[in-house]
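**Q** My structure is stored as start-v6.txt, with compact mmCIF, C-alpha atoms.
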# COMPACT_ATOMS: atom_id res chain seq x y z
CA MET A 281 218.43 4.52 -67.58
CA ILE A 282 217.37 8.05 -68.48
CA SER A 283 216.09 10.06 -65.52
CA ASP A 284 213.32 12.65 -65.61
CA GLU A 285 215.98 15.28 -65.04
CA LEU A 286 217.95 14.22 -68.08
CA LEU A 287 214.83 13.96 -70.21
CA SER A 288 213.64 17.35 -69.04
CA ALA A 289 217.01 18.95 -69.78
CA TYR A 290 216.90 17.29 -73.21
CA ILE A 291 213.55 18.95 -73.94
CA ASP A 292 214.98 22.29 -72.89
CA GLY A 293 218.04 21.90 -75.11
CA GLU A 294 220.31 22.01 -72.10
CA LEU A 295 222.36 18.89 -72.79
CA GLY A 296 225.70 18.71 -74.54
CA PRO A 297 225.89 16.88 -77.87
CA GLU A 298 226.93 13.55 -76.37
CA ASP A 299 224.24 13.46 -73.69
CA ALA A 300 221.63 14.62 -76.17
CA GLU A 301 222.60 11.81 -78.53
CA ARG A 302 222.40 9.29 -75.69
CA VAL A 303 218.88 10.48 -74.79
CA ARG A 304 217.81 10.41 -78.44
CA ASN A 305 218.99 6.83 -78.84
CA ALA A 306 217.31 5.78 -75.62
CA ILE A 307 214.02 7.33 -76.73
CA ALA A 308 214.21 5.48 -80.03
CA ALA A 309 214.76 2.18 -78.23
CA ASP A 310 212.45 2.57 -75.26
CA GLU A 311 208.72 3.00 -75.78
CA ALA A 312 208.07 3.95 -72.17
CA LEU A 313 210.67 6.69 -72.36
CA ALA A 314 209.15 7.98 -75.58
CA ALA A 315 205.77 8.09 -73.85
CA ARG A 316 207.31 9.99 -70.96
CA LEU A 317 208.74 12.50 -73.41
CA CYS A 318 205.27 12.94 -74.89
CA GLN A 319 203.85 13.56 -71.42
CA PHE A 320 206.42 16.25 -70.71
CA ASN A 321 205.89 17.92 -74.07
CA HIS A 322 202.17 17.83 -73.43
CA VAL A 323 202.65 19.57 -70.09
CA ASP A 324 204.64 22.31 -71.83
CA ALA A 325 201.91 22.75 -74.43
CA LEU A 326 199.25 23.06 -71.73
CA LEU A 327 201.30 25.61 -69.84
CA THR A 328 201.79 27.66 -72.98
CA GLU A 329 198.08 27.60 -73.67
CA PHE A 330 197.37 28.58 -70.08
CA SER A 331 199.77 31.51 -70.30
CA ARG A 332 197.90 32.76 -73.39
CA SER A 333 194.75 32.97 -71.34
CA ILE A 334 196.62 35.19 -68.89
CA ASP A 335 197.83 37.38 -71.75
CA ALA A 336 194.29 37.84 -72.99
CA SER A 337 193.08 39.43 -69.78
CA LEU A 338 193.21 43.14 -69.12
CA LEU A 339 196.49 44.74 -68.18
CA PRO A 340 196.10 46.83 -65.05
CA ALA A 341 195.41 50.41 -66.07
CA LYS A 342 197.51 51.76 -63.20
CA VAL A 343 200.60 50.01 -64.50
CA LEU A 344 199.99 51.16 -68.06
CA ALA A 345 199.48 54.71 -66.85
CA ARG A 346 202.70 54.55 -64.84
CA LEU A 347 204.69 53.58 -67.89
CA GLN A 348 203.36 56.18 -70.25
CA ALA A 349 205.32 59.37 -70.78
CA PRO A 350 203.60 62.78 -70.52
CA PRO A 351 201.68 63.40 -73.75
CA PRO A 352 202.77 66.13 -76.14
CA ASP A 353 200.52 69.18 -76.25
CA ASN A 354 200.15 69.63 -79.96
CA VAL A 355 199.62 66.25 -81.51
CA VAL A 356 196.52 64.65 -80.08
CA ARG A 357 193.45 65.14 -82.22
CA LEU A 358 190.38 64.27 -80.30
CA PRO A 359 187.27 63.36 -82.21
CA ARG A 360 184.80 66.17 -82.50
CA ARG A 361 181.80 65.45 -80.38
CA SER A 362 178.47 65.04 -82.00
CA ARG A 363 175.53 66.87 -80.54
CA TRP A 364 174.09 64.16 -78.36
CA TRP A 365 177.16 62.99 -76.59
CA ALA A 366 178.63 66.42 -76.02
CA VAL A 367 177.07 66.27 -72.60
CA THR A 368 179.30 63.38 -71.64
CA ALA A 369 182.45 64.43 -69.89
CA LEU A 370 185.69 63.31 -71.49
CA ALA A 371 186.60 60.65 -69.01
CA ALA A 372 190.07 60.02 -67.71
CA GLY A 373 190.16 56.62 -69.31
CA PHE A 374 189.65 58.09 -72.73
CA VAL A 375 192.46 60.57 -72.22
CA LEU A 376 194.60 57.72 -71.00
CA ALA A 377 193.92 55.72 -74.12
CA VAL A 378 194.93 58.58 -76.35
CA ALA A 379 198.00 59.31 -74.31
CA ILE A 380 199.14 55.73 -74.37
CA GLY A 381 198.53 55.50 -78.06
CA MET A 382 200.52 58.63 -78.76
CA GLN A 383 203.45 57.70 -76.63
CA LEU A 384 204.30 54.16 -77.49
CA ASP A 385 206.94 54.79 -80.04
CA THR A 386 207.97 51.14 -79.93
CA ASP A 387 205.04 50.63 -82.27
CA ASP A 388 204.30 53.18 -84.90
CA GLY A 389 200.87 51.78 -85.47
CA HIS A 390 201.77 50.00 -88.65
CA GLY A 391 201.99 46.62 -87.00
CA SER A 392 199.77 43.77 -87.97
CA GLY A 393 197.56 44.24 -84.90
CA PHE A 394 196.31 47.67 -85.87
CA ASP A 395 195.66 46.93 -89.52
CA ALA A 396 194.18 43.56 -88.68
CA ILE A 397 191.46 44.95 -86.47
CA VAL A 398 190.81 48.29 -88.13
CA ARG A 399 188.71 47.25 -91.08
CA VAL A 400 185.11 47.49 -92.07
CA GLY A 401 183.22 44.21 -91.75
CA PRO A 402 182.90 41.42 -89.18
CA VAL A 403 185.05 41.87 -86.08
CA GLU A 404 187.32 38.89 -85.51
CA PRO A 405 186.08 37.10 -82.35
CA ALA A 406 189.54 36.67 -80.83
CA SER A 407 190.66 40.24 -81.56
CA VAL A 408 191.33 42.95 -79.02
CA LEU A 409 188.54 44.99 -80.61
CA HIS A 410 186.04 42.21 -80.06
CA VAL A 411 187.05 41.80 -76.43
CA ALA A 412 186.74 45.55 -75.86
CA LEU A 413 183.31 45.74 -77.51
CA GLU A 414 182.05 42.73 -75.61
CA GLU A 415 183.48 43.39 -72.18
CA VAL A 416 184.79 46.89 -71.60
CA LEU A 417 182.83 49.85 -70.30
CA SER A 418 182.83 53.07 -72.27
CA ASP A 419 185.64 55.51 -71.53
CA THR A 420 187.86 52.66 -70.40
CA ALA A 421 191.01 51.87 -72.34
CA TYR A 422 191.60 48.22 -73.09
CA ALA A 423 194.92 46.74 -74.12
CA ALA A 424 195.70 43.05 -74.47
CA ALA A 425 198.76 42.00 -72.53
CA ASP A 426 200.53 40.73 -75.60
CA GLU A 427 200.05 44.01 -77.45
CA PRO A 428 200.10 46.81 -74.89
CA ALA A 429 200.87 49.46 -77.51
CA LEU A 430 197.44 49.06 -79.08
CA THR A 431 194.45 50.28 -77.11
CA VAL A 432 190.76 50.15 -77.83
CA THR A 433 188.45 52.50 -75.98
CA PRO A 434 184.69 52.11 -76.32
CA VAL A 435 183.28 55.64 -76.38
CA LEU A 436 179.56 55.04 -75.98
CA SER A 437 176.81 52.49 -76.57
CA PHE A 438 173.34 52.89 -77.98
CA VAL A 439 170.39 51.08 -79.52
CA SER A 440 170.19 51.63 -83.24
CA THR A 441 167.19 52.33 -85.40
CA GLN A 442 167.62 48.72 -86.58
CA GLN A 443 167.14 47.64 -82.95
CA GLN A 444 170.74 46.51 -82.63
CA PHE A 445 173.25 47.33 -79.93
CA CYS A 446 175.95 49.58 -81.36
CA ARG A 447 179.13 51.02 -79.92
CA GLU A 448 181.33 53.85 -81.01
CA PHE A 449 184.97 53.16 -80.25
CA ARG A 450 188.45 54.45 -80.75
CA VAL A 451 191.62 52.50 -81.57
CA ASP A 452 195.00 54.02 -80.77
CA ALA A 453 198.42 52.71 -81.74
CA GLY A 454 201.49 54.90 -81.92
CA THR A 455 200.80 57.79 -84.22
CA ARG A 456 197.61 56.32 -85.58
CA ALA A 457 194.13 56.58 -84.22
CA VAL A 458 190.80 55.57 -85.62
CA ARG A 459 187.20 56.28 -84.70
CA GLY A 460 184.81 53.51 -85.49
CA LEU A 461 181.29 52.30 -85.14
CA ALA A 462 180.30 48.67 -84.72
CA CYS A 463 176.92 47.06 -84.26
CA ARG A 464 176.04 43.66 -82.84
CA ARG A 465 173.97 41.32 -84.97
CA ASP A 466 173.25 37.66 -84.27
CA GLY A 467 175.90 37.55 -81.59
CA HIS A 468 178.64 39.09 -83.76
CA TRP A 469 180.06 42.58 -84.00
CA GLU A 470 180.44 44.24 -87.34
CA ALA A 471 182.40 47.43 -87.94
CA LEU A 472 180.22 49.66 -90.09
CA LYS A 473 182.30 52.78 -90.37
CA LEU A 474 185.86 53.84 -89.61
CA ILE A 475 187.73 57.09 -89.99
CA ASP A 476 191.36 57.83 -89.37
CA VAL A 477 191.84 60.61 -86.85
CA GLY A 478 195.58 60.09 -86.39
CA ALA A 479 198.39 60.51 -88.89
CA ALA A 480 197.73 61.24 -92.54
CA ASN A 481 196.34 58.37 -94.53
CA ASP A 482 199.14 56.48 -96.26
CA GLY A 483 196.86 55.00 -98.85
CA ARG A 484 197.21 51.47 -97.52
CA SER A 485 194.18 51.52 -95.32
CA ASP A 486 190.60 50.91 -96.16
CA TYR A 487 189.36 53.83 -94.16
CA ALA A 488 189.50 57.53 -94.85
CA THR A 489 191.67 60.14 -93.20
CA ALA A 490 189.54 62.41 -91.09
CA THR A 491 189.09 65.93 -92.19
CA ALA A 492 186.58 68.38 -90.81
CA SER A 493 184.08 67.07 -93.33
CA THR A 494 184.73 63.36 -92.81
CA ASP A 495 184.64 63.84 -89.07
CA ALA A 496 181.28 65.52 -89.51
CA ASP A 497 180.21 62.71 -91.83
CA PHE A 498 181.07 60.19 -89.17
CA ASP A 499 179.08 62.08 -86.56
CA ALA A 500 176.16 62.33 -88.96
CA PHE A 501 176.38 58.62 -89.71
CA VAL A 502 176.28 57.78 -86.01
CA ASP A 503 173.56 60.30 -85.28
CA ALA A 504 171.39 58.81 -87.99
CA LEU A 505 171.68 55.37 -86.46
CA VAL A 506 170.80 56.32 -82.92
CA ALA A 507 167.26 55.41 -81.99
CA ASP A 508 167.40 57.17 -78.65
CA ALA A 509 169.96 58.64 -76.27
CA PRO A 510 173.14 56.63 -75.58
CA LEU A 511 172.86 53.98 -72.91
CA GLY A 512 173.64 55.08 -69.39
CA ALA A 513 176.50 53.59 -67.42
CA ASP A 514 174.26 51.25 -65.44
CA ALA A 515 172.51 49.89 -68.51
CA GLU A 516 175.80 49.40 -70.27
CA ALA A 517 177.32 47.62 -67.27
CA ARG A 518 174.33 45.31 -67.09
CA LEU A 519 174.62 44.46 -70.78
CA LEU A 520 178.30 43.68 -70.39
CA ARG A 521 177.50 41.35 -67.50
CA GLU A 522 174.78 39.66 -69.51
CA GLY A 523 176.94 39.29 -72.61
CA TRP A 524 174.74 41.67 -74.64
CA SER A 525 171.89 39.25 -74.27
CA PRO A 526 169.22 39.34 -75.51
CA ALA A 527 171.05 40.06 -78.74
CA ARG A 528 168.24 42.37 -79.78
CA PRO A 529 167.05 44.97 -77.32
CA MET B 226 219.28 53.75 -68.68
CA ASN B 227 217.27 56.97 -68.87
CA ALA B 228 213.72 57.10 -67.56
CA ASP B 229 212.01 57.18 -70.97
CA ALA B 230 213.97 54.20 -72.24
CA LEU B 231 213.29 52.30 -69.05
CA ARG B 232 209.56 52.93 -69.34
CA ARG B 233 209.54 51.72 -72.93
CA GLU B 234 211.52 48.61 -72.10
CA LEU B 235 209.31 47.81 -69.14
CA LEU B 236 206.20 48.28 -71.22
CA ALA B 237 207.49 45.75 -73.74
CA LEU B 238 208.36 43.40 -70.91
CA LEU B 239 204.95 43.64 -69.19
CA PRO B 240 203.33 40.52 -70.70
CA ARG B 241 206.26 38.30 -69.73
CA LEU B 242 206.51 39.89 -66.34
CA ARG B 243 202.85 39.36 -65.67
CA ARG B 244 202.99 35.71 -66.64
CA TYR B 245 205.88 35.29 -64.24
CA ALA B 246 204.05 37.17 -61.50
CA TYR B 247 201.06 34.90 -62.06
CA ALA B 248 203.27 31.83 -61.78
CA LEU B 249 204.62 33.12 -58.48
CA THR B 250 201.35 34.19 -56.94
CA GLY B 251 198.77 31.89 -58.47
CA SER B 252 196.12 34.59 -58.62
CA ARG B 253 195.48 37.40 -61.01
CA HIS B 254 194.79 39.89 -58.26
CA ASP B 255 198.08 39.21 -56.49
CA ALA B 256 199.90 39.02 -59.82
CA ASP B 257 198.71 42.51 -60.74
CA ASP B 258 199.69 43.84 -57.31
CA LEU B 259 203.08 42.30 -57.75
CA LEU B 260 203.37 43.70 -61.26
CA GLN B 261 202.56 47.17 -59.99
CA SER B 262 205.06 46.95 -57.14
CA THR B 263 207.76 45.68 -59.48
CA VAL B 264 207.22 48.47 -61.96
CA GLU B 265 207.27 51.06 -59.17
CA ARG B 266 210.47 49.61 -57.75
CA MET B 267 212.16 49.55 -61.14
CA LEU B 268 211.18 53.13 -61.92
CA SER B 269 212.19 54.47 -58.53
CA LYS B 270 215.54 52.68 -58.31
CA GLY B 271 216.51 52.93 -61.97
CA VAL B 272 218.65 50.46 -63.86
CA ALA B 273 222.24 50.64 -65.05
CA GLU B 274 222.84 50.39 -68.81
CA SER B 275 224.86 47.22 -68.39
CA VAL B 276 222.04 45.31 -66.70
CA GLU B 277 220.04 42.73 -68.66
CA LEU B 278 216.69 44.24 -67.97
CA ASP B 279 214.50 41.14 -68.22
CA LYS B 280 216.53 39.02 -65.84
CA TRP B 281 216.95 41.89 -63.44
CA THR B 282 213.24 42.67 -63.47
CA PHE B 283 212.32 39.03 -62.90
CA ARG B 284 214.64 39.00 -59.92
CA VAL B 285 213.20 42.21 -58.50
CA CYS B 286 209.72 40.78 -58.99
CA ARG B 287 210.58 37.59 -57.12
CA ASN B 288 212.26 39.47 -54.28
CA ILE B 289 209.25 41.71 -53.80
CA TRP B 290 207.01 38.66 -53.77
CA ILE B 291 209.15 36.97 -51.13
CA ASP B 292 209.84 40.02 -49.01
CA GLU B 293 206.60 41.93 -49.12
CA ILE B 294 203.48 40.74 -50.80
CA ARG B 295 203.59 37.07 -49.90
CA THR B 296 203.88 37.86 -46.22
CA ARG B 297 200.78 39.99 -46.13
CA LYS B 298 198.53 38.11 -48.50
CA VAL B 299 196.74 34.88 -48.35
CA ARG B 300 196.26 33.62 -51.84
CA ALA B 301 192.66 34.09 -52.83
CA ALA B 302 190.93 30.89 -53.81
CA VAL B 303 189.18 32.60 -56.68
CA PRO B 304 187.88 30.32 -59.41
CA LEU B 305 189.72 30.92 -62.63
CA GLU B 306 186.72 32.32 -64.45
CA GLU B 307 186.34 34.97 -61.77
CA SER B 308 190.04 35.67 -61.62
CA GLY B 309 189.85 36.55 -65.28
CA ALA B 310 192.79 34.47 -66.43
CA ALA B 311 190.62 32.12 -68.40
CA GLU B 312 187.82 34.43 -69.31
CA HIS B 313 189.04 34.83 -72.85
CA ALA B 314 189.52 31.19 -73.72
CA PHE B 315 190.08 31.05 -77.45
CA ASP B 316 187.24 30.48 -79.83
CA GLY B 317 186.84 28.31 -82.87
CA GLU B 318 189.55 26.08 -84.18
CA SER B 319 192.18 27.71 -82.03
CA ALA B 320 190.32 26.55 -78.93
CA VAL B 321 192.74 23.91 -77.81
CA MET B 322 191.54 24.09 -74.27
CA SER B 323 188.23 24.76 -72.64
CA THR B 324 187.89 27.00 -69.62
CA LEU B 325 187.55 23.89 -67.48
CA ALA B 326 190.77 22.52 -68.88
CA LEU B 327 192.48 25.80 -68.10
CA MET B 328 191.24 25.51 -64.54
CA GLU B 329 192.73 22.07 -64.29
CA VAL B 330 196.10 23.38 -65.37
CA ARG B 331 195.81 26.24 -62.90
CA ASP B 332 194.90 23.85 -60.11
CA ALA B 333 197.77 21.54 -60.97
CA MET B 334 200.16 24.50 -61.02
CA ASP B 335 198.79 25.57 -57.67
CA GLU B 336 199.83 22.29 -56.14
CA LEU B 337 203.45 22.79 -57.12
CA PRO B 338 205.90 24.26 -54.64
CA GLU B 339 206.48 27.91 -55.40
CA GLU B 340 210.12 27.44 -56.38
CA GLN B 341 209.13 24.85 -58.96
CA ARG B 342 206.48 27.13 -60.44
CA ALA B 343 208.99 29.96 -60.71
CA ALA B 344 211.62 27.81 -62.42
CA LEU B 345 209.12 26.27 -64.80
CA SER B 346 207.67 29.63 -65.72
CA LEU B 347 211.04 31.18 -66.48
CA VAL B 348 212.26 28.30 -68.62
CA VAL B 349 209.14 26.94 -70.32
CA LEU B 350 207.13 30.14 -70.71
CA GLU B 351 209.76 32.86 -70.85
CA GLY B 352 212.41 30.88 -72.68
CA LEU B 353 215.28 31.50 -70.28
CA SER B 354 218.15 29.01 -70.23
CA TYR B 355 218.85 27.08 -67.06
CA ALA B 356 221.83 29.36 -66.44
CA GLN B 357 219.69 32.48 -66.81
CA ALA B 358 216.95 31.07 -64.59
CA ALA B 359 219.57 30.14 -62.02
CA GLU B 360 220.76 33.72 -62.04
CA VAL B 361 217.25 35.10 -61.55
CA LEU B 362 216.40 32.66 -58.80
CA GLU B 363 219.87 32.88 -57.25
CA THR B 364 220.27 29.15 -57.10
CA PRO B 365 222.62 26.58 -58.73
CA ILE B 366 221.89 25.34 -62.24
CA GLY B 367 221.57 21.80 -60.96
CA THR B 368 218.78 22.90 -58.67
CA ILE B 369 216.95 24.51 -61.59
CA MET B 370 217.31 21.31 -63.59
CA SER B 371 215.93 19.28 -60.74
CA ARG B 372 213.02 21.65 -60.01
CA ILE B 373 211.91 21.72 -63.61
CA ALA B 374 212.02 17.95 -63.95
CA ARG B 375 210.05 17.49 -60.73
CA ALA B 376 207.54 20.11 -61.80
CA ARG B 377 207.00 18.48 -65.18
CA ALA B 378 206.64 15.07 -63.58
CA ALA B 379 204.12 16.35 -61.03
CA LEU B 380 202.06 18.18 -63.65
CA ALA B 381 202.13 15.18 -65.99
CA SER B 382 200.83 13.02 -63.18
CA ALA B 383 198.17 15.50 -62.04
CA LEU B 384 196.87 16.27 -65.50
CA GLN B 385 196.83 12.63 -66.55
CA GLN B 386 194.46 11.90 -63.69
CA GLU B 387 192.08 14.60 -64.80
CA SER B 388 189.17 14.00 -67.13
CA PRO B 389 189.85 13.71 -70.85
CA ARG B 390 188.75 17.30 -71.40
CA ILE B 391 192.36 18.05 -72.10
CA GLY B 392 193.54 16.66 -75.40
CA ARG B 393 196.50 14.36 -75.59
CA GLY B 394 199.21 13.64 -78.07
CA GLN B 395 201.83 16.28 -78.55
CA THR B 396 204.77 15.89 -80.85
CA ALA B 397 207.80 14.47 -79.10
CA GLY B 398 211.14 16.12 -79.45
CA ALA B 399 213.71 18.38 -77.95
CA ARG B 400 213.69 22.15 -78.13
CA SER B 401 216.34 23.35 -80.48
Rewrite the coordinates I just gave you, this time as structure tokens.

**A**
Amino acid sequence: MISDELLSAYIDGELGPEDAERVRNAIAADEALAARLCQFNHVDALLTEFSRSIDASLLPAKVLARLQAPPPDNVVRLPRRSRWWAVTALAAGFVLAVAIGMQLDTDDGHGSGFDAIVRVGPVEPASVLHVALEEVLSDTAYAAADEPALTVTPVLSFVSTQQQFCREFRVDAGTRAVRGLACRRDGHWEALKLIDVGAANDGRSDYATATASTDADFDAFVDALVADAPLGADAEARLLREGWSPARP
Amino acid sequence: MNADALRRELLALLPRLRRYAYALTGSRHDADDLLQSTVERMLSKGVAESVELDKWTFRVCRNIWIDEIRTRKVRAAVPLEESGAAEHAFDGESAVMSTLALMEVRDAMDELPEEQRAALSLVVLEGLSYAQAAEVLETPIGTIMSRIARARAALASALQQESPRIGRGQTAGARS
């Protein structure tokens, strides 16, 4: 007779060779025991899936801020402001995002997460960038729990000349930082333009290193797309609540 | 361990620590409070180089929960969608579970005694051995073994009675 305790310890690899062999043989000979093993494995799978849903929610900003070291004075390169959002104060959340990105030397920004999300084209629905664009207010840093070294900060939102909702954003990871613009079409976000505003371009990326001219190009690109002034905080908050619906303003 | 190193290590540990805090508290709000308190305690007290940081932090987290937060909080009965834990259920083919299914797991976990949730979380989710979990929870290994088995049995029973929203049929086998 194999007890739940023994079976459970078998699943966890906690039995010695002899006991493990005894459980294995019993499972092979006893259909009910094999079914019980399946039930327990199924419980573990559900718990793992459940824990992923916890990981996908926002990490508390206070905790992230507490764990960041003071930022260096001479490294951060903030994006130059274009004419129509110069009136917006640089919010604390934005500074936080930059600071976190600059300080997390456990990830130099070359990890799969950064390169996976920083690319022109459709934004992967399960990605941290997608979550940030869909659900995070501008000037608020977002980091997924399973990748706290990578932050996405929406900078502003606006309605484009194509009558689409668009958002400028910034991605920070280690020494790398990118400014980007994405627009929402048919329920999906698409990154239209990206420029590197962090470390020098290493040639592996499909976006350009920012120089004074490319930074200006980016601003001009965004400016040309803006139909009107950026959305105010209330309008943006309402759109986030409503899931950017209707898809077209 | 110097302060910078401790901050880095804690940052890397945050996802695991939050999952554990969630298992202890059963609500995202309380879990984040507990996470914050644990981080503050770790930073203010410091940690010796010889300490295994993850086990030590789990223990600090549990002690704070027992000594402080649990006594002054009544667990909020916030639906999972509102609590945020299931708000990013996976899309497409990776969507093994619906939000409703996640709620069922959360509800079933909620019914477990706290000590069973803690043991299960440390072993199944965080990958600690029974000996390591026993150290964190300051209890004999035999007790850990028993708590985990009872927790699995209770969850298997609870989730089997739920609707077939949750898929069945996992591969049998022991963890290597």

**Q** Using all atoms listed in the file, which chain A residues lie at most 8 Å away from chain B, written as a PyMOL selection string?

**A** chain A and resi 284-285+287-294+314+317-331+333-337+340+342-344+347-349+384+386+405-406+425-426+428

**Q** Calculated over all atoms listed in the file, which of the candidates A:Leu520, A:Glu415, A:Arg464, A:Arg459 has the smallest distance to Ala496 in chain A?

**A** A:Arg459

**Q** If I take CA of Leu474 in chain A and CA of Gly523 in chain A, how far is one from the other in Å, to one decimal?

**A**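 Straight-line distance from CA of Leu474 in chain A to CA of Gly523 in chain A works out to 24.1 Å.
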
**Q** Could you check how far CA of Val411 in chain A sits from CA of Asp495 in chain A, in Å to one decimal?

**A**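 Spanning CA of Val411 in chain A to CA of Asp495 in chain A is a straight-line distance of 25.5 Å.
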
**Q** Please compute the CA of Leu337 in chain B-CA of Ser252 in chain B distance, one decimal, in Å.

**A** 14.0 Å

**Q** Restricting the calculation to only C-alpha atoms, which member of A:Leu339, A:Ala315, A:Met281, A:Ala306 is positioned closest to Leu242 in chain B?

**A**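 Checking each of A:Leu339, A:Ala315, A:Met281, A:Ala306 against Leu242 in chain B, counting only C-alpha atoms, the winner is A:Leu339.
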